[in-house]
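Next comes structure00.txt, a file with compact mmCIF, C-alpha atoms and all ligand atoms.
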```txt
# COMPACT_ATOMS: atom_id res chain seq x y z
CA MET A 78 15.59 145.50 135.58
CA THR A 79 14.16 143.71 132.61
CA GLU A 80 16.45 143.15 129.65
CA LYS A 81 15.96 145.42 126.71
CA MET A 82 14.60 143.89 123.51
CA ARG A 83 17.18 143.47 120.81
CA ILE A 84 17.32 145.22 117.46
CA THR A 85 19.59 144.52 114.52
CA SER A 86 19.96 146.28 111.22
CA GLY A 87 22.64 146.85 108.65
CA MET A 88 23.55 148.86 105.62
CA ARG A 89 25.76 147.98 102.68
CA PRO A 90 28.80 150.24 102.36
CA THR A 91 28.14 151.76 98.95
CA GLY A 92 29.55 155.26 99.45
CA LYS A 93 28.74 158.43 101.30
CA LEU A 94 25.16 158.47 102.51
CA HIS A 95 22.49 160.87 101.31
CA LEU A 96 19.43 162.55 102.78
CA GLY A 97 17.27 159.58 101.86
CA HIS A 98 19.36 157.41 104.16
CA TYR A 99 19.28 160.03 106.87
CA LEU A 100 15.55 160.74 106.84
CA GLY A 101 14.47 157.20 106.02
CA VAL A 102 16.78 155.10 108.13
CA ILE A 103 19.48 156.61 110.32
CA ARG A 104 17.26 159.10 112.10
CA ASN A 105 14.96 156.24 113.08
CA TRP A 106 17.86 154.12 114.27
CA ALA A 107 19.11 157.00 116.42
CA ASN A 108 15.69 157.20 118.10
CA LEU A 109 15.70 153.51 119.01
CA GLN A 110 19.00 153.55 120.88
CA ASP A 111 17.69 154.41 124.34
CA ASN A 112 14.94 151.84 124.52
CA PHE A 113 16.50 148.87 122.77
CA ASP A 114 19.71 146.93 122.76
CA CYS A 115 20.75 147.95 119.25
CA ASN A 116 23.23 146.35 116.88
CA PHE A 117 23.94 148.34 113.76
CA PHE A 118 26.47 147.04 111.33
CA ILE A 119 28.17 147.78 108.05
CA ALA A 120 27.32 144.90 105.75
CA ASP A 121 30.56 144.56 103.81
CA TRP A 122 29.95 140.89 103.01
CA HIS A 123 26.65 141.85 101.48
CA ALA A 124 28.43 144.50 99.43
CA LEU A 125 30.73 141.78 98.14
CA THR A 126 27.77 139.82 96.75
CA THR A 127 27.57 142.29 93.87
CA LYS A 128 30.81 144.27 94.09
CA TYR A 129 33.29 141.46 94.55
CA ASN A 130 35.53 143.08 91.96
CA GLN A 131 35.36 146.61 93.41
CA THR A 132 36.64 145.91 96.87
CA LYS A 133 38.65 149.13 97.21
CA GLU A 134 35.41 151.05 96.94
CA ILE A 135 33.84 148.91 99.62
CA LEU A 136 36.78 149.50 101.91
CA ALA A 137 36.66 153.28 101.51
CA SER A 138 32.92 153.26 102.03
CA VAL A 139 33.13 151.50 105.38
CA LYS A 140 34.75 154.56 106.90
CA ASP A 141 32.39 156.97 105.16
CA VAL A 142 29.32 155.12 106.36
CA ALA A 143 30.65 155.02 109.90
CA LEU A 144 31.35 158.76 109.82
CA ASP A 145 27.86 159.47 108.54
CA TRP A 146 26.24 157.31 111.21
CA LEU A 147 28.18 158.83 114.07
CA ALA A 148 27.61 162.36 112.80
CA CYS A 149 23.86 161.63 112.69
CA GLY A 150 23.85 160.52 116.31
CA ILE A 151 24.39 156.77 116.27
CA ASP A 152 26.19 156.51 119.57
CA PRO A 153 28.86 153.86 120.23
CA ASP A 154 28.28 154.20 123.99
CA LYS A 155 24.68 153.07 123.63
CA THR A 156 24.78 150.88 120.55
CA THR A 157 26.95 148.10 119.19
CA ILE A 158 28.31 149.49 115.94
CA TYR A 159 30.34 146.96 114.02
CA VAL A 160 31.65 145.68 110.72
CA GLN A 161 30.03 142.45 109.54
CA SER A 162 33.28 140.85 108.37
CA LEU A 163 34.86 141.41 111.79
CA VAL A 164 32.30 139.09 113.36
CA PRO A 165 33.05 135.59 112.01
CA GLN A 166 30.34 134.08 114.22
CA THR A 167 27.81 135.37 111.69
CA ALA A 168 29.53 133.37 108.93
CA GLN A 169 29.53 130.28 111.13
CA LEU A 170 25.87 130.72 111.89
CA HIS A 171 25.26 131.14 108.18
CA ILE A 172 26.66 127.64 107.61
CA TYR A 173 24.17 126.07 110.02
CA LEU A 174 21.27 128.04 108.57
CA SER A 175 22.24 127.21 105.00
CA MET A 176 21.86 123.50 105.77
CA ILE A 177 18.24 123.81 106.85
CA THR A 178 17.06 126.40 104.30
CA PRO A 179 15.27 124.84 101.33
CA GLN A 180 16.59 126.17 98.06
CA ASN A 181 13.12 127.06 96.81
CA TRP A 182 12.55 129.35 99.81
CA VAL A 183 15.49 131.40 98.65
CA GLU A 184 14.35 131.33 95.04
CA ARG A 185 10.98 132.75 96.10
CA ASP A 186 12.55 135.83 97.69
CA PRO A 187 11.32 138.79 95.62
CA THR A 188 14.20 141.06 96.61
CA LEU A 189 16.63 138.53 95.28
CA LYS A 190 14.95 138.96 91.93
CA ASP A 191 15.73 142.68 92.12
CA LEU A 192 19.33 141.87 92.90
CA ALA A 193 19.45 139.53 89.96
CA LYS A 194 18.30 142.49 87.89
CA ILE A 195 21.34 144.44 89.06
CA MET A 196 23.47 141.68 87.64
CA LYS A 197 21.56 141.85 84.39
CA ASP A 198 21.97 145.63 84.20
CA ARG A 199 25.66 145.09 84.51
CA GLN A 200 25.24 142.98 81.41
CA GLU A 201 26.12 139.84 83.18
CA ASN A 202 24.30 136.71 82.39
CA MET A 203 21.90 135.42 85.05
CA SER A 204 23.85 132.20 85.11
CA ASN A 205 26.60 134.32 86.64
CA LEU A 206 24.49 134.90 89.70
CA SER A 207 26.99 133.80 92.28
CA TYR A 208 26.43 131.32 95.05
CA GLY A 209 27.04 134.19 97.46
CA LEU A 210 24.49 136.51 95.90
CA PHE A 211 21.97 133.71 95.79
CA GLY A 212 22.56 133.26 99.51
CA TYR A 213 22.05 136.97 100.25
CA PRO A 214 18.85 136.49 102.25
CA VAL A 215 20.30 133.58 104.21
CA LEU A 216 23.31 135.65 105.18
CA MET A 217 20.93 138.40 106.19
CA THR A 218 19.07 135.89 108.33
CA ALA A 219 22.38 135.00 109.95
CA ASP A 220 22.97 138.71 110.73
CA ILE A 221 19.61 138.96 112.39
CA LEU A 222 19.79 135.68 114.29
CA THR A 223 23.37 136.41 115.43
CA PHE A 224 21.85 138.41 118.29
CA ASN A 225 18.62 136.45 118.52
CA THR A 226 16.96 139.68 117.53
CA HIS A 227 13.38 140.71 118.31
CA PHE A 228 13.00 143.54 115.80
CA VAL A 229 14.60 144.51 112.52
CA PRO A 230 14.05 148.13 111.52
CA VAL A 231 14.05 148.19 107.74
CA GLY A 232 12.40 149.85 104.82
CA ILE A 233 9.51 148.18 103.03
CA ASP A 234 11.85 146.81 100.35
CA GLN A 235 13.59 144.60 102.91
CA VAL A 236 10.50 143.13 104.56
CA ALA A 237 10.46 140.00 102.40
CA HIS A 238 13.96 139.23 103.62
CA VAL A 239 12.92 139.54 107.24
CA GLU A 240 9.95 137.28 106.58
CA LEU A 241 12.38 134.68 105.33
CA SER A 242 14.39 135.01 108.56
CA ARG A 243 11.24 134.26 110.51
CA ASP A 244 10.65 131.16 108.43
CA ILE A 245 14.23 130.00 108.89
CA ALA A 246 14.17 130.67 112.63
CA ARG A 247 10.95 128.67 112.94
CA ARG A 248 12.37 125.84 110.87
CA PHE A 249 15.47 125.68 113.06
CA ASN A 250 13.28 125.48 116.14
CA ASN A 251 11.17 122.72 114.61
CA ILE A 252 14.05 120.64 113.38
CA TYR A 253 16.03 120.80 116.60
CA ASN A 254 12.97 120.69 118.78
CA THR A 255 13.67 123.91 120.61
CA ASP A 256 12.42 127.44 121.09
CA PHE A 257 15.93 128.80 120.88
CA PHE A 258 15.37 131.39 118.18
CA ILE A 259 12.96 134.25 118.51
CA GLU A 260 11.09 134.88 115.27
CA PRO A 261 12.32 138.35 114.34
CA GLU A 262 9.78 140.93 113.30
CA PRO A 263 10.29 143.68 110.78
CA LYS A 264 9.89 147.08 112.39
CA LEU A 265 8.62 149.33 109.70
CA THR A 266 9.81 152.74 110.55
CA GLU A 267 7.82 155.77 109.64
CA THR A 268 9.85 157.06 106.77
CA SER A 269 9.73 160.48 105.39
CA HIS A 270 10.28 159.68 101.77
CA ILE A 271 12.45 162.16 99.93
CA LYS A 272 12.59 162.30 96.14
CA GLY A 273 15.80 162.84 94.24
CA LEU A 274 16.40 166.27 92.70
CA ASP A 275 15.10 164.98 89.34
CA GLY A 276 11.90 163.59 90.83
CA ASN A 277 12.98 159.94 90.81
CA LYS A 278 13.92 157.90 93.87
CA MET A 279 16.95 159.45 95.53
CA GLY A 280 19.98 157.29 94.86
CA LYS A 281 23.68 157.58 94.52
CA SER A 282 23.77 155.98 91.11
CA PHE A 283 21.12 158.34 89.72
CA ASN A 284 23.20 161.43 90.40
CA ASN A 285 20.22 163.11 92.00
CA ASP A 286 21.11 163.06 95.65
CA ILE A 287 22.26 165.44 98.35
CA LYS A 288 24.86 163.87 100.58
CA ILE A 289 24.87 164.28 104.32
CA SER A 290 28.51 165.31 103.92
CA ASP A 291 28.04 167.80 101.05
CA THR A 292 29.15 171.35 101.83
CA ALA A 293 26.61 174.16 102.06
CA GLU A 294 27.80 175.46 98.67
CA VAL A 295 27.41 172.10 96.96
CA THR A 296 24.00 171.67 98.55
CA GLU A 297 22.87 175.03 97.23
CA ALA A 298 24.17 174.26 93.74
CA LYS A 299 22.38 170.90 93.76
CA ILE A 300 19.10 172.39 95.01
CA LYS A 301 19.24 174.79 92.07
CA THR A 302 18.94 171.79 89.73
CA GLY A 303 15.79 170.56 91.51
CA ILE A 304 12.62 170.29 89.45
CA THR A 305 9.87 172.81 90.19
CA ASP A 306 6.58 173.56 88.41
CA ARG A 307 7.39 172.72 84.81
CA ASN A 308 4.71 175.10 83.52
CA ARG A 309 6.25 178.06 85.23
CA ILE A 310 8.76 179.44 82.76
CA ARG A 311 9.16 183.07 83.78
CA LYS A 312 9.17 184.60 87.20
CA ASP A 313 5.98 186.54 86.35
CA ASP A 314 4.06 183.33 85.63
CA LEU A 315 1.84 182.35 88.52
CA GLY A 316 3.22 179.23 90.15
CA ASN A 317 1.47 176.27 91.70
CA PRO A 318 3.18 174.36 94.52
CA ASP A 319 0.88 171.39 93.82
CA ASN A 320 2.62 171.01 90.47
CA CYS A 321 6.07 171.65 91.88
CA GLU A 322 7.62 168.23 91.46
CA VAL A 323 10.48 168.26 93.92
CA ILE A 324 11.29 171.58 95.54
CA TYR A 325 7.99 172.11 97.33
CA ASP A 326 8.23 168.56 98.71
CA TYR A 327 11.56 169.52 100.19
CA TRP A 328 9.94 172.56 101.76
CA ARG A 329 7.38 170.27 103.39
CA ILE A 330 10.14 168.08 104.76
CA PHE A 331 12.50 170.76 105.97
CA GLY A 332 10.42 173.89 106.46
CA SER A 333 8.00 174.76 109.23
CA ASN A 334 4.28 175.00 108.46
CA GLU A 335 4.61 178.77 108.38
CA ASP A 336 7.53 178.55 105.96
CA CYS A 337 5.47 176.35 103.66
CA ASP A 338 2.39 178.58 103.79
CA GLU A 339 4.46 181.63 103.11
CA ILE A 340 6.37 180.14 100.19
CA SER A 341 3.23 178.63 98.70
CA CYS A 342 1.48 181.96 98.85
CA ALA A 343 4.42 183.84 97.35
CA CYS A 344 4.72 181.26 94.56
CA LYS A 345 1.01 181.35 93.67
CA CYS A 346 1.01 185.12 93.21
CA ALA A 347 4.44 185.19 91.56
CA LYS A 348 5.97 187.23 94.33
CA ILE A 349 8.90 184.88 94.41
CA GLY A 350 10.64 183.11 91.56
CA CYS A 351 12.00 179.57 91.62
CA PHE A 352 15.57 180.82 91.86
CA GLU A 353 14.94 182.77 95.05
CA CYS A 354 12.73 180.03 96.46
CA LYS A 355 15.50 177.47 96.03
CA LYS A 356 18.03 179.77 97.60
CA ARG A 357 15.87 180.11 100.70
CA LEU A 358 15.26 176.39 100.82
CA ALA A 359 18.98 175.67 100.57
CA ASN A 360 19.55 177.96 103.54
CA ILE A 361 17.03 176.09 105.62
CA ILE A 362 18.44 172.68 104.71
CA ASN A 363 21.98 173.84 105.33
CA THR A 364 21.06 175.26 108.73
CA LYS A 365 19.39 171.96 109.69
CA LEU A 366 22.36 169.89 108.57
CA ALA A 367 25.06 172.19 109.91
CA PRO A 368 25.50 170.46 113.31
CA ILE A 369 25.71 167.05 111.64
CA ARG A 370 28.21 168.26 109.09
CA GLU A 371 30.34 170.00 111.71
CA LYS A 372 30.40 166.86 113.78
CA ARG A 373 31.38 164.79 110.76
CA LEU A 374 34.31 167.10 109.96
CA GLU A 375 35.38 166.96 113.59
CA LEU A 376 35.29 163.14 113.64
CA GLU A 377 37.15 162.98 110.36
CA LYS A 378 40.07 164.94 111.80
CA ASN A 379 40.83 162.20 114.25
CA GLU A 380 42.57 159.59 112.10
CA ASN A 381 42.17 156.60 114.40
CA LEU A 382 38.82 157.32 115.94
CA ILE A 383 36.61 155.47 113.45
CA HIS A 384 38.99 152.53 113.36
CA ASP A 385 38.94 152.28 117.17
CA ILE A 386 35.17 152.62 117.39
CA LEU A 387 34.55 149.97 114.74
CA HIS A 388 37.01 147.59 116.33
CA SER A 389 35.72 147.92 119.86
CA GLY A 390 32.14 147.67 118.59
CA SER A 391 33.03 144.52 116.66
CA ALA A 392 34.66 143.02 119.76
CA LYS A 393 31.42 143.64 121.67
CA ALA A 394 29.46 142.08 118.82
CA ARG A 395 31.70 138.98 118.81
CA THR A 396 31.13 138.41 122.51
CA LYS A 397 27.36 138.59 122.12
CA ALA A 398 27.44 136.53 118.93
CA GLN A 399 29.46 133.76 120.54
CA VAL A 400 26.70 133.22 123.09
CA THR A 401 24.24 132.61 120.26
CA LEU A 402 26.64 130.41 118.35
CA ASP A 403 27.32 128.25 121.42
CA GLY A 404 23.59 127.81 121.79
CA VAL A 405 23.26 126.81 118.14
CA THR A 406 26.10 124.26 118.13
CA ASP A 407 24.61 122.83 121.29
CA LYS A 408 21.12 122.49 119.77
CA VAL A 409 22.56 120.99 116.59
CA SER A 410 24.68 118.64 118.75
CA MET A 411 28.02 119.39 117.20
CA TYR A 412 31.14 117.74 118.54
CA LYS A 413 32.70 119.46 121.53
N1 LIG A 501 20.00 144.06 102.77
C1 LIG A 501 20.07 145.29 103.50
C2 LIG A 501 20.04 146.45 102.51
O1 LIG A 501 20.43 146.29 101.39
C3 LIG A 501 21.31 145.38 104.35
C4 LIG A 501 21.34 144.29 105.38
C5 LIG A 501 22.18 143.25 105.41
C6 LIG A 501 20.47 144.16 106.51
N2 LIG A 501 21.93 142.48 106.50
C7 LIG A 501 20.91 142.98 107.20
C8 LIG A 501 19.39 144.90 107.01
C9 LIG A 501 20.26 142.54 108.37
C10 LIG A 501 18.77 144.43 108.18
C11 LIG A 501 19.21 143.27 108.85
O2 LIG A 501 19.66 147.53 102.89
```
Rewrite the structure from the file as structure tokens, please.
Amino acid sequence: MTEKMRITSGMRPTGKLHLGHYLGVIRNWANLQDNFDCNFFIADWHALTTKYNQTKEILASVKDVALDWLACGIDPDKTTIYVQSLVPQTAQLHIYLSMITPQNWVERDPTLKDLAKIMKDRQENMSNLSYGLFGYPVLMTADILTFNTHFVPVGIDQVAHVELSRDIARRFNNIYNTDFFIEPEPKLTETSHIKGLDGNKMGKSFNNDIKISDTAEVTEAKIKTGITDRNRIRKDDLGNPDNCEVIYDYWRIFGSNEDCDEISCACKCAKIGCFECKKRLANIINTKLAPIREKRLELEKNENLIHDILHSGSAKARTKAQVTLDGVTDKVSMYK
């Protein structure tokens, strides 16, 4: 039997996850589990790079993220699910990589510029950009190289980071005259992009999201705030799904083709008003999410389950990571 190719990806624990995470990331991860040796981790060190003074939030989020993943079908029997900070080998690897990474490679990283903007938005001076935040992409490289990973499933916004990991892997190989590291490739997953209820990018901080863990009632109430065709004021006005900013997009994502045709037709001839349309949509979304939500509630009941899963996953990750680290210290010729 040939060995499966390895995949690594992570997510910062920033709170309960929303439909954007589910449709754009987690669903894709779940589909990779059978054909790849997957490592999915909660990037709590990366969360610290910007939230070093809100650590209680990070801690609470670790459990929430794990619950969301498991409920969405990330399976600890197939996949190594772990917490970044429980795998110190990654931090050790980060030390070796930091020595060989030219500072100006890190400065070039466009995503780092976005992160610097976060700092600015928090009204902190750029000179407060911490050493740790500056090193964000190098730590990410360490995550990826921890398992000598072939593919990194990420969204387009993270591709620049993965490119940097390739460069660092290649530089390690050149410097130590080896082919030890595979150059990891970004695996752009086909994402079904979902807008927030207000038409902007769905995000927790914009207050425009629907959480995986929201109840059916909350979901319905949120859907009712979704933007439709702004020109349609009264129910008798003829609607136009092409001008419906958010709600019809949701129909396309969650409804069948027949559902969409039917609703589009009813909207165009004013047979259905936005209120009723949203109610129907909420039903469809709630029906789709019901099994995930039930599973999440079930998992939540068992106090120790998440803790046990994250700890046994992290133990598995440490064993795999140690193999890589031994290889690295050997190539670098460290004292032993
Ligand atoms: N930077 C990623 C994000 O914000 C999270 C992350 C950290 C990651 N380490 C990683 C993703 C390694 C892929 C591989 O979404």
Handout entry: Answer as a ChimeraX atom specification, residues within 12 Å of (13.1, 159.9, 96.9) using only C-alpha atoms
Key = /A:95-101,268-281,283,285-287,322-324,326-327,330
Taking only C-alpha atoms and all ligand atoms into account, produce a table as a Markdown table in which each residue of chain A with an atom at most 7 Å from an atom of ligand LIG 501 (chain A) appears once, together with its shortest atom pair and the distance in Å to one decimal, ordered by chain and rising number.
```
| residue | atom | partner | partner_atom | distance |
| --- | --- | --- | --- | --- |
| A:Thr85 | CA | A:LIG501 | C11 | 5.8 |
| A:Ser86 | CA | A:LIG501 | C10 | 3.8 |
| A:Gly87 | CA | A:LIG501 | C6 | 4.1 |
| A:Met88 | CA | A:LIG501 | C3 | 4.3 |
| A:Arg89 | CA | A:LIG501 | C3 | 5.4 |
| A:Ala120 | CA | A:LIG501 | C5 | 5.4 |
| A:His123 | CA | A:LIG501 | C5 | 6.1 |
| A:Met217 | CA | A:LIG501 | N2 | 4.2 |
| A:Thr218 | CA | A:LIG501 | C9 | 6.8 |
| A:Asp220 | CA | A:LIG501 | C9 | 5.3 |
| A:Ile221 | CA | A:LIG501 | C9 | 5.4 |
| A:Val229 | CA | A:LIG501 | C10 | 6.0 |
| A:Pro230 | CA | A:LIG501 | C10 | 6.9 |
| A:Val231 | CA | A:LIG501 | C10 | 6.1 |
| A:Gln235 | CA | A:LIG501 | N1 | 6.4 |
```
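The smallest atom-to-atom distance between Leu170 (chain A) and any of A:Gln399, A:Thr156, A:Asn112, A:Thr305, using only C-alpha atoms, is found for A:Gln399.
Coordinates place CA of Asn108 (chain A) at a distance of 24.7 Å from CA of Thr396 (chain A).
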Completion exercise
One decimal place gives the CA of Arg243 (chain A)-CA of Tyr412 (chain A) separation as 27.1 Å
